[in-house]
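Okay, data24.tsv is below, TSV, C-alpha atoms:
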chain	number	residue	atom	x	y	z
A	1	MET	CA	15.08	184.66	87.70
A	2	GLN	CA	15.02	188.15	86.17
A	3	ILE	CA	16.36	191.23	88.01
A	4	GLY	CA	12.83	192.55	88.50
A	5	GLU	CA	11.79	189.35	90.26
A	6	LYS	CA	14.95	189.34	92.36
A	7	THR	CA	14.54	192.93	93.51
A	8	ALA	CA	10.84	192.37	94.24
A	9	PHE	CA	11.79	189.45	96.49
A	10	PHE	CA	14.52	191.54	98.10
A	11	ARG	CA	11.97	194.29	98.78
A	12	GLU	CA	9.78	191.76	100.60
A	13	LEU	CA	12.74	190.66	102.72
A	14	LEU	CA	13.46	194.27	103.71
A	15	SER	CA	9.89	194.77	104.90
A	16	ILE	CA	9.90	191.75	107.24
A	17	THR	CA	11.47	193.42	110.29
A	18	LYS	CA	11.55	197.15	109.48
A	19	ASN	CA	9.61	199.39	107.15
A	20	VAL	CA	12.59	199.95	104.86
A	21	TYR	CA	11.81	201.30	101.39
A	22	LEU	CA	13.29	200.14	98.10
A	23	TRP	CA	13.23	202.41	95.05
A	24	HIS	CA	13.72	201.65	91.38
A	25	TYR	CA	14.97	204.52	89.17
A	26	THR	CA	15.95	204.77	85.55
A	27	TYR	CA	19.63	205.40	84.94
A	28	ASP	CA	18.68	209.04	84.32
A	29	MET	CA	17.28	209.16	87.89
A	30	LEU	CA	13.58	209.18	86.98
A	31	PRO	CA	11.48	207.23	89.51
A	32	ILE	CA	9.85	204.01	88.28
A	33	SER	CA	8.50	202.31	91.41
A	34	SER	CA	8.71	202.21	95.19
A	35	ASN	CA	6.94	200.80	98.24
A	36	CYS	CA	7.19	204.19	99.99
A	37	PRO	CA	3.70	205.62	100.75
A	38	MET	CA	4.94	209.25	100.56
A	39	GLN	CA	6.85	209.19	97.29
A	40	ASN	CA	6.43	212.89	96.48
A	41	ILE	CA	8.21	213.98	99.66
A	42	PHE	CA	11.10	211.63	98.97
A	43	VAL	CA	11.46	212.84	95.38
A	44	ASN	CA	11.41	216.47	96.54
A	45	ILE	CA	14.06	215.82	99.19
A	46	PHE	CA	16.21	214.06	96.62
A	47	ALA	CA	15.91	217.02	94.26
A	48	LEU	CA	16.62	219.55	97.01
A	49	ASN	CA	19.80	217.74	98.02
A	50	GLN	CA	20.88	217.13	94.41
A	51	CYS	CA	21.33	213.47	95.35
A	52	GLY	CA	20.50	212.32	91.84
A	53	ILE	CA	23.38	214.33	90.37
A	54	GLN	CA	25.90	212.77	92.73
A	55	ILE	CA	24.51	209.27	92.24
A	56	LEU	CA	24.78	209.62	88.45
A	57	ALA	CA	28.32	210.97	88.70
A	58	HIS	CA	29.30	208.07	90.96
A	59	PHE	CA	27.89	205.28	88.79
A	60	ASP	CA	29.26	206.84	85.62
A	61	ALA	CA	32.70	206.46	87.20
A	62	GLN	CA	32.45	203.20	89.14
A	63	ALA	CA	30.16	200.29	89.99
A	64	SER	CA	30.59	200.04	93.77
A	65	PRO	CA	27.50	200.66	95.97
A	66	LEU	CA	27.14	204.23	97.24
A	67	ILE	CA	26.14	205.22	100.77
A	68	ILE	CA	24.86	208.79	100.76
A	69	SER	CA	23.56	210.98	103.60
A	70	ASP	CA	22.04	214.44	103.84
A	71	HIS	CA	22.06	217.36	106.27
A	72	LEU	CA	18.98	216.01	108.09
A	73	GLY	CA	20.80	212.79	108.93
A	74	MET	CA	18.94	210.59	106.45
A	75	VAL	CA	20.97	207.87	104.75
A	76	TRP	CA	20.45	205.92	101.52
A	77	ALA	CA	22.22	202.90	100.01
A	78	CYS	CA	22.43	202.96	96.20
A	79	CYS	CA	23.30	200.25	93.68
A	80	ALA	CA	23.18	200.21	89.88
A	81	ASP	CA	22.72	197.80	87.02
A	82	ARG	CA	25.09	199.44	84.54
A	83	THR	CA	25.33	196.67	81.95
A	84	GLY	CA	21.80	195.36	81.37
A	85	PRO	CA	19.59	196.39	78.44
A	86	ASP	CA	17.50	198.58	80.80
A	87	ARG	CA	20.11	200.24	82.97
A	88	SER	CA	18.67	201.09	86.37
A	89	VAL	CA	19.49	202.44	89.83
A	90	TYR	CA	18.13	200.82	93.00
A	91	ILE	CA	18.00	202.74	96.28
A	92	ILE	CA	17.36	201.60	99.86
A	93	GLY	CA	16.05	204.27	102.22
A	94	PRO	CA	15.89	206.80	103.54
A	95	VAL	CA	16.72	205.59	107.05
A	96	PHE	CA	18.37	206.99	110.13
A	97	THR	CA	21.43	205.13	111.41
A	98	ALA	CA	21.13	206.40	114.99
A	99	ASP	CA	18.29	207.15	117.38
A	100	PHE	CA	16.86	210.65	117.14
A	101	THR	CA	14.44	212.92	118.97
A	102	LEU	CA	11.60	214.87	117.39
A	103	LYS	CA	13.01	218.02	118.96
A	104	ASN	CA	16.35	217.51	117.20
A	105	LEU	CA	14.62	216.77	113.89
A	106	GLU	CA	12.51	219.91	114.20
A	107	LYS	CA	15.62	221.96	114.92
A	108	LYS	CA	17.31	220.67	111.77
A	109	VAL	CA	14.23	221.26	109.64
A	110	ASN	CA	13.89	224.82	110.99
A	111	GLU	CA	17.37	225.59	109.69
A	112	HIS	CA	15.89	225.55	106.17
A	113	LYS	CA	13.29	227.79	104.60
A	114	ILE	CA	10.40	225.36	104.28
A	115	PRO	CA	6.70	226.38	104.13
A	116	LEU	CA	4.87	225.66	107.40
A	117	THR	CA	2.31	223.30	105.86
A	118	TYR	CA	5.01	221.27	104.13
A	119	LYS	CA	7.19	221.33	107.28
A	120	LYS	CA	4.54	219.51	109.33
A	121	THR	CA	4.20	216.83	106.68
A	122	LEU	CA	7.98	216.49	106.45
A	123	LEU	CA	8.38	216.11	110.22
A	124	GLN	CA	5.72	213.38	110.27
A	125	PHE	CA	7.50	211.60	107.43
A	126	LEU	CA	10.86	211.83	109.22
A	127	ALA	CA	9.40	210.61	112.51
A	128	ASP	CA	8.12	207.47	110.76
A	129	LEU	CA	11.46	206.56	109.19
A	130	PRO	CA	13.10	203.41	110.57
A	131	VAL	CA	16.37	203.44	112.50
A	132	VAL	CA	18.79	200.96	110.93
A	133	PRO	CA	22.31	200.52	112.39
A	134	ALA	CA	25.02	201.56	109.96
A	135	THR	CA	26.51	198.08	109.78
A	136	THR	CA	23.10	196.62	108.92
A	137	LEU	CA	22.55	199.20	106.18
A	138	PHE	CA	26.00	198.38	104.78
A	139	GLU	CA	25.04	194.71	104.67
A	140	TYR	CA	21.76	195.60	102.94
A	141	ALA	CA	23.78	197.51	100.32
A	142	LEU	CA	26.05	194.53	99.70
A	143	MET	CA	23.07	192.18	99.39
A	144	LEU	CA	21.28	194.54	97.00
A	145	HIS	CA	24.41	194.87	94.89
A	146	TYR	CA	24.67	191.07	94.71
A	147	THR	CA	20.95	190.83	93.83
A	148	VAL	CA	21.37	193.30	90.97
A	149	THR	CA	24.81	192.39	89.63
A	150	GLY	CA	25.68	188.93	91.00
A	151	GLU	CA	28.94	190.36	92.35
A	152	LYS	CA	30.02	189.70	95.94
A	153	LEU	CA	31.72	192.63	97.68
A	154	GLN	CA	32.89	193.53	101.17
A	155	ILE	CA	32.03	196.51	103.38
A	156	SER	CA	35.39	198.05	102.52
A	157	ASP	CA	34.25	198.24	98.88
A	158	LEU	CA	31.42	200.66	99.68
A	159	THR	CA	31.74	204.33	98.74
A	160	HIS	CA	30.51	206.97	101.21
A	161	ALA	CA	29.33	210.49	100.43
A	162	SER	CA	27.59	213.27	102.36
A	163	GLN	CA	25.18	215.79	100.93
A	164	THR	CA	25.18	219.41	102.00
A	165	ALA	CA	23.00	222.30	101.03
A	166	PRO	CA	23.66	223.55	97.50
A	167	SER	CA	26.64	225.88	97.35
A	168	ASP	CA	28.88	227.62	94.87
A	169	THR	CA	31.54	225.14	93.83
A	170	SER	CA	33.08	227.19	91.07
A	171	SER	CA	36.12	228.01	93.18
A	172	THR	CA	36.63	224.55	94.59
A	173	ASP	CA	40.20	223.40	94.14
A	174	ILE	CA	40.37	219.74	93.15
A	175	SER	CA	43.77	219.90	91.53
A	176	GLY	CA	45.83	220.02	94.72
A	177	PRO	CA	48.25	217.29	95.74
A	178	SER	CA	46.66	213.99	96.71
A	179	ASN	CA	48.01	211.51	99.24
A	180	HIS	CA	45.41	208.78	98.76
A	181	ALA	CA	48.10	206.30	97.73
A	182	GLY	CA	49.94	207.09	100.95
A	183	ILE	CA	46.78	206.50	102.97
A	184	TRP	CA	46.23	203.14	101.27
A	185	THR	CA	49.82	202.11	102.02
A	186	ALA	CA	49.43	203.24	105.63
A	187	GLU	CA	46.22	201.24	105.98
A	188	GLN	CA	47.92	198.12	104.70
A	189	THR	CA	50.77	198.73	107.14
A	190	LEU	CA	48.36	198.89	110.08
A	191	LEU	CA	46.52	195.75	108.99
A	192	LYS	CA	49.84	193.93	108.57
A	193	MET	CA	50.70	194.90	112.15
A	194	VAL	CA	47.46	193.29	113.32
A	195	GLU	CA	48.16	190.16	111.29
A	196	ASP	CA	51.69	189.89	112.69
A	197	GLY	CA	50.75	190.85	116.26
A	198	ASN	CA	53.28	193.69	116.07
A	199	SER	CA	53.16	195.67	119.32
A	200	ASN	CA	55.07	198.67	117.89
A	201	TRP	CA	51.85	200.17	116.57
A	202	LYS	CA	51.78	203.45	118.48
A	203	ASP	CA	54.70	205.02	116.60
A	204	ALA	CA	53.24	203.92	113.27
A	205	LEU	CA	49.81	205.31	114.16
A	206	ASN	CA	51.29	208.67	115.17
A	207	LYS	CA	53.04	208.98	111.80
A	208	ILE	CA	50.02	207.82	109.81
A	209	SER	CA	47.62	210.18	111.60
A	210	THR	CA	49.16	213.15	109.78
A	211	LEU	CA	48.25	211.84	106.34
A	212	SER	CA	44.73	213.27	106.34
A	213	ILE	CA	45.88	216.83	107.10
A	214	GLY	CA	44.86	219.17	104.30
A	215	ILE	CA	42.22	216.93	102.74
A	216	LYS	CA	39.04	218.94	102.21
A	217	ILE	CA	36.07	216.97	103.52
A	218	GLN	CA	32.60	218.50	103.81
A	219	SER	CA	30.22	216.74	106.17
A	220	GLU	CA	27.20	217.91	108.14
A	221	ASN	CA	27.72	215.08	110.62
A	222	PRO	CA	31.43	214.59	111.40
A	223	LEU	CA	30.62	212.22	114.28
A	224	ARG	CA	28.69	209.85	112.01
A	225	GLN	CA	31.47	210.03	109.44
A	226	ALA	CA	34.05	209.12	112.10
A	227	GLN	CA	31.89	206.28	113.40
A	228	ASP	CA	31.40	204.79	109.93
A	229	SER	CA	35.13	204.99	109.22
A	230	VAL	CA	36.03	203.19	112.44
A	231	ILE	CA	33.34	200.53	111.90
A	232	ILE	CA	34.88	199.75	108.52
A	233	PHE	CA	38.33	199.68	110.13
A	234	VAL	CA	37.06	197.26	112.80
A	235	SER	CA	35.87	194.91	110.04
A	236	LEU	CA	39.25	195.10	108.30
A	237	CYS	CA	41.12	194.46	111.57
A	238	THR	CA	38.85	191.50	112.31
A	239	ARG	CA	39.84	189.79	109.08
A	240	ALA	CA	43.51	190.66	109.55
A	241	ALA	CA	43.43	189.13	113.05
A	242	ILE	CA	41.88	185.93	111.70
A	243	ARG	CA	44.62	185.74	109.08
A	244	GLY	CA	47.09	186.17	111.95
A	245	GLY	CA	45.73	183.09	113.71
A	246	LEU	CA	43.05	184.49	116.04
A	247	SER	CA	40.02	182.20	116.14
A	248	PRO	CA	37.03	183.50	114.10
A	249	GLU	CA	34.81	183.15	117.19
A	250	THR	CA	37.06	185.44	119.23
A	251	ALA	CA	37.64	187.87	116.35
A	252	TYR	CA	33.94	188.32	115.49
A	253	ASN	CA	32.95	188.61	119.15
A	254	MET	CA	35.51	191.40	119.46
A	255	SER	CA	34.17	192.98	116.28
A	256	ASP	CA	30.60	193.00	117.65
A	257	TYR	CA	31.81	194.44	120.96
A	258	TYR	CA	33.77	197.32	119.43
A	259	ILE	CA	31.18	198.18	116.78
A	260	GLN	CA	28.60	198.46	119.55
A	261	ASN	CA	30.97	200.70	121.51
A	262	VAL	CA	31.55	202.90	118.45
A	263	GLU	CA	27.80	203.29	117.93
A	264	GLN	CA	27.46	204.47	121.54
A	265	CYS	CA	30.16	207.16	121.21
A	266	ARG	CA	28.90	210.73	121.52
A	267	THR	CA	32.06	212.63	120.53
A	268	ILE	CA	34.76	212.19	117.90
A	269	ALA	CA	37.31	211.91	120.73
A	270	ASP	CA	35.38	208.90	122.07
A	271	VAL	CA	35.42	207.34	118.61
A	272	THR	CA	39.19	207.88	118.31
A	273	ASN	CA	39.89	206.40	121.72
A	274	THR	CA	37.69	203.39	121.00
A	275	SER	CA	39.53	202.90	117.70
A	276	HIS	CA	42.91	202.92	119.48
A	277	GLN	CA	41.62	200.52	122.13
A	278	MET	CA	40.28	198.16	119.47
A	279	PHE	CA	43.50	198.23	117.46
A	280	SER	CA	45.70	197.58	120.50
A	281	ASP	CA	43.41	194.79	121.69
A	282	PHE	CA	43.46	192.96	118.34
A	283	ILE	CA	47.25	193.19	118.11
A	284	GLY	CA	47.72	191.98	121.69
A	285	ARG	CA	45.43	189.00	121.18
A	286	VAL	CA	47.07	187.98	117.89
A	287	GLN	CA	50.46	188.24	119.57
A	288	LYS	CA	49.31	185.97	122.39
A	289	THR	CA	47.70	183.56	119.93
A	290	LYS	CA	51.03	183.08	118.19
A	291	GLU	CA	52.57	182.27	121.57
A	292	TYR	CA	49.68	179.90	122.36
A	293	CYS	CA	50.39	177.85	119.25
A	294	ARG	CA	53.41	176.36	121.03
A	295	CYS	CA	51.21	174.97	123.81
A	296	SER	CA	49.26	171.72	123.97
A	297	GLU	CA	45.61	171.75	122.98
A	298	PRO	CA	44.08	171.87	126.49
A	299	VAL	CA	46.36	174.73	127.54
A	300	ARG	CA	45.78	176.62	124.28
A	301	ILE	CA	41.99	176.24	124.66
A	302	CYS	CA	42.31	177.49	128.21
A	303	LEU	CA	44.36	180.52	127.15
A	304	GLU	CA	41.89	181.45	124.42
A	305	TYR	CA	38.94	181.12	126.81
A	306	ILE	CA	40.60	183.49	129.29
A	307	ASP	CA	41.19	186.10	126.59
A	308	LEU	CA	37.63	185.81	125.29
A	309	HIS	CA	36.13	186.22	128.79
A	310	ILE	CA	38.64	188.71	130.18
A	311	LEU	CA	35.87	191.01	131.48
A	312	GLU	CA	34.30	188.21	133.51
A	313	LYS	CA	35.23	186.50	136.76
A	314	ILE	CA	36.96	183.28	135.70
A	315	ALA	CA	37.13	180.31	138.09
A	316	LEU	CA	39.29	177.19	137.75
A	317	LYS	CA	36.11	175.14	137.87
A	318	GLN	CA	34.84	176.93	134.72
A	319	LEU	CA	38.09	176.31	132.85
A	320	ALA	CA	38.18	172.65	133.81
A	321	ALA	CA	34.60	172.14	132.63
A	322	TYR	CA	35.27	174.02	129.38
A	323	THR	CA	38.41	172.04	128.50
A	324	GLY	CA	37.06	168.71	129.74
A	325	TYR	CA	39.92	168.05	132.19
A	326	THR	CA	40.07	167.89	135.96
A	327	GLU	CA	41.15	170.99	137.87
A	328	TYR	CA	44.22	169.14	139.23
A	329	TYR	CA	45.40	167.95	135.78
A	330	LEU	CA	44.74	171.32	134.12
A	331	THR	CA	46.53	173.42	136.76
A	332	LYS	CA	49.57	171.15	136.75
A	333	LYS	CA	49.79	171.02	132.95
A	334	PHE	CA	49.24	174.79	132.65
A	335	ARG	CA	52.07	175.63	135.07
A	336	ARG	CA	54.42	173.13	133.44
A	337	GLU	CA	53.92	174.62	129.96
A	338	THR	CA	53.64	178.34	130.80
A	339	GLY	CA	55.71	178.66	133.96
A	340	VAL	CA	52.90	180.41	135.88
A	341	SER	CA	49.73	179.30	137.62
A	342	LEU	CA	46.31	179.77	136.06
A	343	ASN	CA	45.35	182.44	138.60
A	344	GLU	CA	48.58	184.32	137.94
A	345	HIS	CA	47.96	184.23	134.18
A	346	ILE	CA	44.35	185.41	134.55
A	347	ARG	CA	45.47	188.30	136.74
A	348	SER	CA	48.29	189.17	134.32
A	349	ARG	CA	45.94	189.25	131.31
A	350	LYS	CA	43.47	191.43	133.19
A	351	ILE	CA	46.28	193.87	134.04
A	352	GLU	CA	47.31	193.99	130.37
A	353	TYR	CA	43.74	194.77	129.38
A	354	ALA	CA	43.56	197.38	132.14
A	355	LYS	CA	46.53	199.12	130.53
A	356	ILE	CA	44.55	199.43	127.29
A	357	LEU	CA	41.54	200.88	129.13
A	358	LEU	CA	43.73	203.30	131.10
A	359	SER	CA	45.49	204.61	128.00
A	360	THR	CA	42.51	204.79	125.63
A	361	THR	CA	39.44	205.61	127.76
A	362	ASP	CA	38.39	208.11	130.42
A	363	LYS	CA	37.03	205.42	132.74
A	364	SER	CA	38.04	205.84	136.36
A	365	VAL	CA	40.36	203.37	138.11
A	366	ALA	CA	37.40	202.17	140.16
A	367	GLU	CA	35.31	201.58	137.01
A	368	ILE	CA	38.10	199.62	135.33
A	369	SER	CA	38.66	197.57	138.49
A	370	ALA	CA	34.97	196.64	138.62
A	371	GLU	CA	34.74	195.97	134.86
A	372	LEU	CA	37.63	193.50	135.05
A	373	GLY	CA	36.13	191.67	138.03
A	374	PHE	CA	38.60	192.61	140.78
A	375	SER	CA	37.16	192.29	144.27
A	376	SER	CA	38.16	195.84	145.23
A	377	ARG	CA	39.95	198.90	143.89
A	378	SER	CA	42.78	198.46	146.41
A	379	PHE	CA	43.38	194.86	145.30
A	380	PHE	CA	43.39	195.99	141.67
A	381	THR	CA	45.89	198.78	142.46
A	382	ASP	CA	48.18	196.42	144.38
A	383	SER	CA	48.05	193.83	141.57
A	384	PHE	CA	48.75	196.52	138.96
A	385	LEU	CA	51.67	197.91	140.98
A	386	ARG	CA	53.29	194.47	141.28
A	387	ALA	CA	52.86	193.77	137.55
A	388	ALA	CA	53.67	197.18	136.04
A	389	GLY	CA	55.92	198.75	138.69
A	390	MET	CA	53.59	201.76	139.01
A	391	THR	CA	50.03	202.49	140.06
A	392	PRO	CA	47.17	202.68	137.54
A	393	THR	CA	47.05	206.47	137.95
A	394	GLU	CA	50.79	206.79	137.31
A	395	PHE	CA	50.47	204.57	134.24
A	396	ARG	CA	47.64	206.73	132.88
A	397	LYS	CA	49.68	209.91	133.29
A	398	LYS	CA	52.57	208.31	131.46
A	399	ALA	CA	50.30	207.21	128.62
A	400	SER	CA	48.39	210.52	128.38
A	401	ALA	CA	50.94	212.01	125.98
A	402	PHE	CA	50.03	209.41	123.36
A	403	ILE	CA	46.28	209.96	123.78
A	404	GLU	CA	46.71	213.69	123.30
Show how you would write the structure in this file as structure tokens.
Amino acid sequence: MQIGEKTAFFRELLSITKNVYLWHYTYDMLPISSNCPMQNIFVNIFALNQCGIQILAHFDAQASPLIISDHLGMVWACCADRTGPDRSVYIIGPVFTADFTLKNLEKKVNEHKIPLTYKKTLLQFLADLPVVPATTLFEYALMLHYTVTGEKLQISDLTHASQTAPSDTSSTDISGPSNHAGIWTAEQTLLKMVEDGNSNWKDALNKISTLSIGIKIQSENPLRQAQDSVIIFVSLCTRAAIRGGLSPETAYNMSDYYIQNVEQCRTIADVTNTSHQMFSDFIGRVQKTKEYCRCSEPVRICLEYIDLHILEKIALKQLAAYTGYTEYYLTKKFRRETGVSLNEHIRSRKIEYAKILLSTTDKSVAEISAELGFSSRSFFTDSFLRAAGMTPTEFRKKASAFIE
């Protein structure tokens, strides 16, 4: 099957659930074809943002797919056939990666000097664009790249860029010292800590957090940039946790949970806290998984089930049914191998998870108590005091220095 046939089929797949557009450009960024009904507007927007210049510069230097966004919040995924006889660029989009309001769109459009007649048409065009979650768009980019080149990549291989209004770049300093190698080393260190279940991650994270100081990044949407970065980091941590022994089912369920949480964040501080919570949670679960390996199969299955359903009320009857053993046999075997009863272990794991929520979120003690399935706030506080030697509020105060 030729590339043209493959991309035509891919275009049909994109249109099944959402009205996502696929564009075919020459390597010189001249449009060839598209299923977009308002092609002139798209071409004008591309020219205004100088997207074509950045796309050309990117694919002249490397072959990885490019995710590019503009000041209006529109996002495109770009791939290139750099080796064929008719070199081409293929572009998915534009789309929005988060819900929007017409009022917010109008405000952004009004920030630019656009003729009134064209502004109305542009607003209608923007209102009709589909909303595609960032992770889905990333997957589309990887699939398009495979369709065009036959090469399989991962989300971490994508390149991200933001477009701003044209500006004078003659004085831009690009010759300053770079610490990208240090950032890569730091990233590998963090992922190794996940793989090993190393609980000494807070000190490492504090040191690593200073590496980005001084890097000049221009972005019209810092929140979206932070969200995309953390989503990629969640994916990397998921694979590191699986390498460390965490079951793929548990790891990918955690990945889905945290990516959804990141998408719901409304401030960069929320994104940072969610990232810390995710990282601590993965490390804690890998650490426990390594301990679980020394247990018999029914006890190990039981331990993994408790960790996977930590936010739910867990009854002995559920565990017995899940493992296929009687409640009497399971409770006796569990205590013999772990030294504690099932109820004690469940309560202990919930307290450990509460510590993560207390140190990385702004949720109240009452909200955390309810989320973890405790019958009352007072019972949660008493249980926490017995396990940690301090109340939840005291623990939060002690941990606040790290959050800040």
I'd like to know which of A:Lys288, A:Tyr329, A:His345, A:Ile55 is closest to Ile314 (chain A), using all atoms listed in the file.
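Distance minimum relative to Ile314 (chain A) lands on A:His345.
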With distances taken over all atoms listed in the file, the candidate from A:Ser364, A:Ser88, A:Thr121, A:Asn110 nearest Thr26 (chain A) is A:Ser88
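CA of Asp28 (chain A) to CA of Gly52 (chain A) spans 8.4 Å [interatomic distance, one decimal].
Straight-line separation from CA of Glu344 (chain A) to CA of Phe384 (chain A): 12.2 Å.
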Quick one: of A:Glu394, A:Asp307, A:Glu195, A:Glu337, who's nearest to Leu372 (chain A), counting only C-alpha atoms?
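For Leu372 (chain A), the nearest of the given residues is A:Asp307.
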Can you tell me, as AutoDock Vina command-line options, the centre and edge lengths (Å, one decimal) of the axis-aligned box enclosing all of region 258-272 of chain A's listed atoms after padding each side by 8 Å?
--center_x 33.3 --center_y 205.0 --center_z 119.4 --size_x 27.7 --size_y 31.3 --size_z 21.3
Selection near Ala366 (chain A), 10 Å with all atoms listed in the file, sequence-local residues under 4 positions removed, as a list of chain:residue names
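My reading of the contact set: A:Ala370, A:Glu371, A:Phe374, A:Ser376, A:Arg377, A:Ser378, A:Phe380, A:Thr381.
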What would the file look like if the residues just selected were written as a short mmCIF file (atom, residue, chain, number, x, y, z; two decimals), in the frame of the given file with C-alpha atoms?
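Final file, selection_5.cif:
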data_model
loop_
_atom_site.label_atom_id
_atom_site.label_comp_id
_atom_site.auth_asym_id
_atom_site.auth_seq_id
_atom_site.Cartn_x
_atom_site.Cartn_y
_atom_site.Cartn_z
CA ALA A 370 34.97 196.64 138.62
CA GLU A 371 34.74 195.97 134.86
CA PHE A 374 38.60 192.61 140.78
CA SER A 376 38.16 195.84 145.23
CA ARG A 377 39.95 198.90 143.89
CA SER A 378 42.78 198.46 146.41
CA PHE A 380 43.39 195.99 141.67
CA THR A 381 45.89 198.78 142.46
#
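Among the candidate residues A:Gly244, A:Pro298, A:Gly324, A:Gly284, the one lying nearest to Tyr353 (chain A) is A:Gly284, with distances computed using only C-alpha atoms.
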Between A:Pro248, A:Pro392, A:Gly4, A:Gly339, single out the one closest to Asp86 (chain A), counting all atoms listed in the file.
A:Gly4
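Distance check against Trp23 (chain A) using all atoms listed in the file: of A:Leu144, A:Phe96, A:Ser64, A:Ser255, the minimum falls on A:Leu144.
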Mind pulling up the distance from CA of Ala186 (chain A) to CA of Glu139 (chain A)?
25.9 Å
Within 10 Å of (22.9, 197.9, 104.5) (coordinates as in the file), grab all the protein and nucleic acid residues, counting all atoms listed in the file, and write them out as a ChimeraX atom specification.
/A:67,76-78,92-93,132-144,155
Those residues with C-alpha atoms, as a PDB file, in the frame of the given file please?
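As a result, out23.pdb now contains:
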ATOM      1  CA  ILE A  67      26.140 205.220 100.770  1.00  0.00           C
ATOM      2  CA  TRP A  76      20.450 205.920 101.520  1.00  0.00           C
ATOM      3  CA  ALA A  77      22.220 202.900 100.010  1.00  0.00           C
ATOM      4  CA  CYS A  78      22.430 202.960  96.200  1.00  0.00           C
ATOM      5  CA  ILE A  92      17.360 201.600  99.860  1.00  0.00           C
ATOM      6  CA  GLY A  93      16.050 204.270 102.220  1.00  0.00           C
ATOM      7  CA  VAL A 132      18.790 200.960 110.930  1.00  0.00           C
ATOM      8  CA  PRO A 133      22.310 200.520 112.390  1.00  0.00           C
ATOM      9  CA  ALA A 134      25.020 201.560 109.960  1.00  0.00           C
ATOM     10  CA  THR A 135      26.510 198.080 109.780  1.00  0.00           C
ATOM     11  CA  THR A 136      23.100 196.620 108.920  1.00  0.00           C
ATOM     12  CA  LEU A 137      22.550 199.200 106.180  1.00  0.00           C
ATOM     13  CA  PHE A 138      26.000 198.380 104.780  1.00  0.00           C
ATOM     14  CA  GLU A 139      25.040 194.710 104.670  1.00  0.00           C
ATOM     15  CA  TYR A 140      21.760 195.600 102.940  1.00  0.00           C
ATOM     16  CA  ALA A 141      23.780 197.510 100.320  1.00  0.00           C
ATOM     17  CA  LEU A 142      26.050 194.530  99.700  1.00  0.00           C
ATOM     18  CA  MET A 143      23.070 192.180  99.390  1.00  0.00           C
ATOM     19  CA  LEU A 144      21.280 194.540  97.000  1.00  0.00           C
ATOM     20  CA  ILE A 155      32.030 196.510 103.380  1.00  0.00           C
TER      21      ILE A 155
END
If you count all atoms listed in the file, which residues fall within 12 Å of Phe233 (chain A), apart from same-chain ones fewer than 3 positions away, as a ChimeraX atom specification?
/A:135,155-156,187-188,190-191,194,226-230,236-240,255,258-259,262,271-272,274-276,278-279,282
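Neighbouring residues of His24 (chain A) at 12 Å or closer, counting all atoms listed in the file and skipping chain neighbours under 6 positions away, are A:Ile3, A:Gly4, A:Thr7, A:Ala8, A:Arg11, A:Leu30, A:Pro31, A:Ile32, A:Ser33, A:Ser34, A:Asn35, A:Cys36, A:Gln39, A:Cys78, A:Cys79, A:Ala80, A:Asp81, A:Asp86, A:Arg87, A:Ser88, A:Val89, A:Tyr90, A:Ile91, A:Ile92, A:Gly93, A:Leu144, A:Val148.
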Take the residues just selected and output them with C-alpha atoms as a CSV table (one decimal), keeping the file's coordinate frame.
chain,number,residue,atom,x,y,z
A,3,ILE,CA,16.4,191.2,88.0
A,4,GLY,CA,12.8,192.6,88.5
A,7,THR,CA,14.5,192.9,93.5
A,8,ALA,CA,10.8,192.4,94.2
A,11,ARG,CA,12.0,194.3,98.8
A,30,LEU,CA,13.6,209.2,87.0
A,31,PRO,CA,11.5,207.2,89.5
A,32,ILE,CA,9.8,204.0,88.3
A,33,SER,CA,8.5,202.3,91.4
A,34,SER,CA,8.7,202.2,95.2
A,35,ASN,CA,6.9,200.8,98.2
A,36,CYS,CA,7.2,204.2,100.0
A,39,GLN,CA,6.8,209.2,97.3
A,78,CYS,CA,22.4,203.0,96.2
A,79,CYS,CA,23.3,200.2,93.7
A,80,ALA,CA,23.2,200.2,89.9
A,81,ASP,CA,22.7,197.8,87.0
A,86,ASP,CA,17.5,198.6,80.8
A,87,ARG,CA,20.1,200.2,83.0
A,88,SER,CA,18.7,201.1,86.4
A,89,VAL,CA,19.5,202.4,89.8
A,90,TYR,CA,18.1,200.8,93.0
A,91,ILE,CA,18.0,202.7,96.3
A,92,ILE,CA,17.4,201.6,99.9
A,93,GLY,CA,16.0,204.3,102.2
A,144,LEU,CA,21.3,194.5,97.0
A,148,VAL,CA,21.4,193.3,91.0
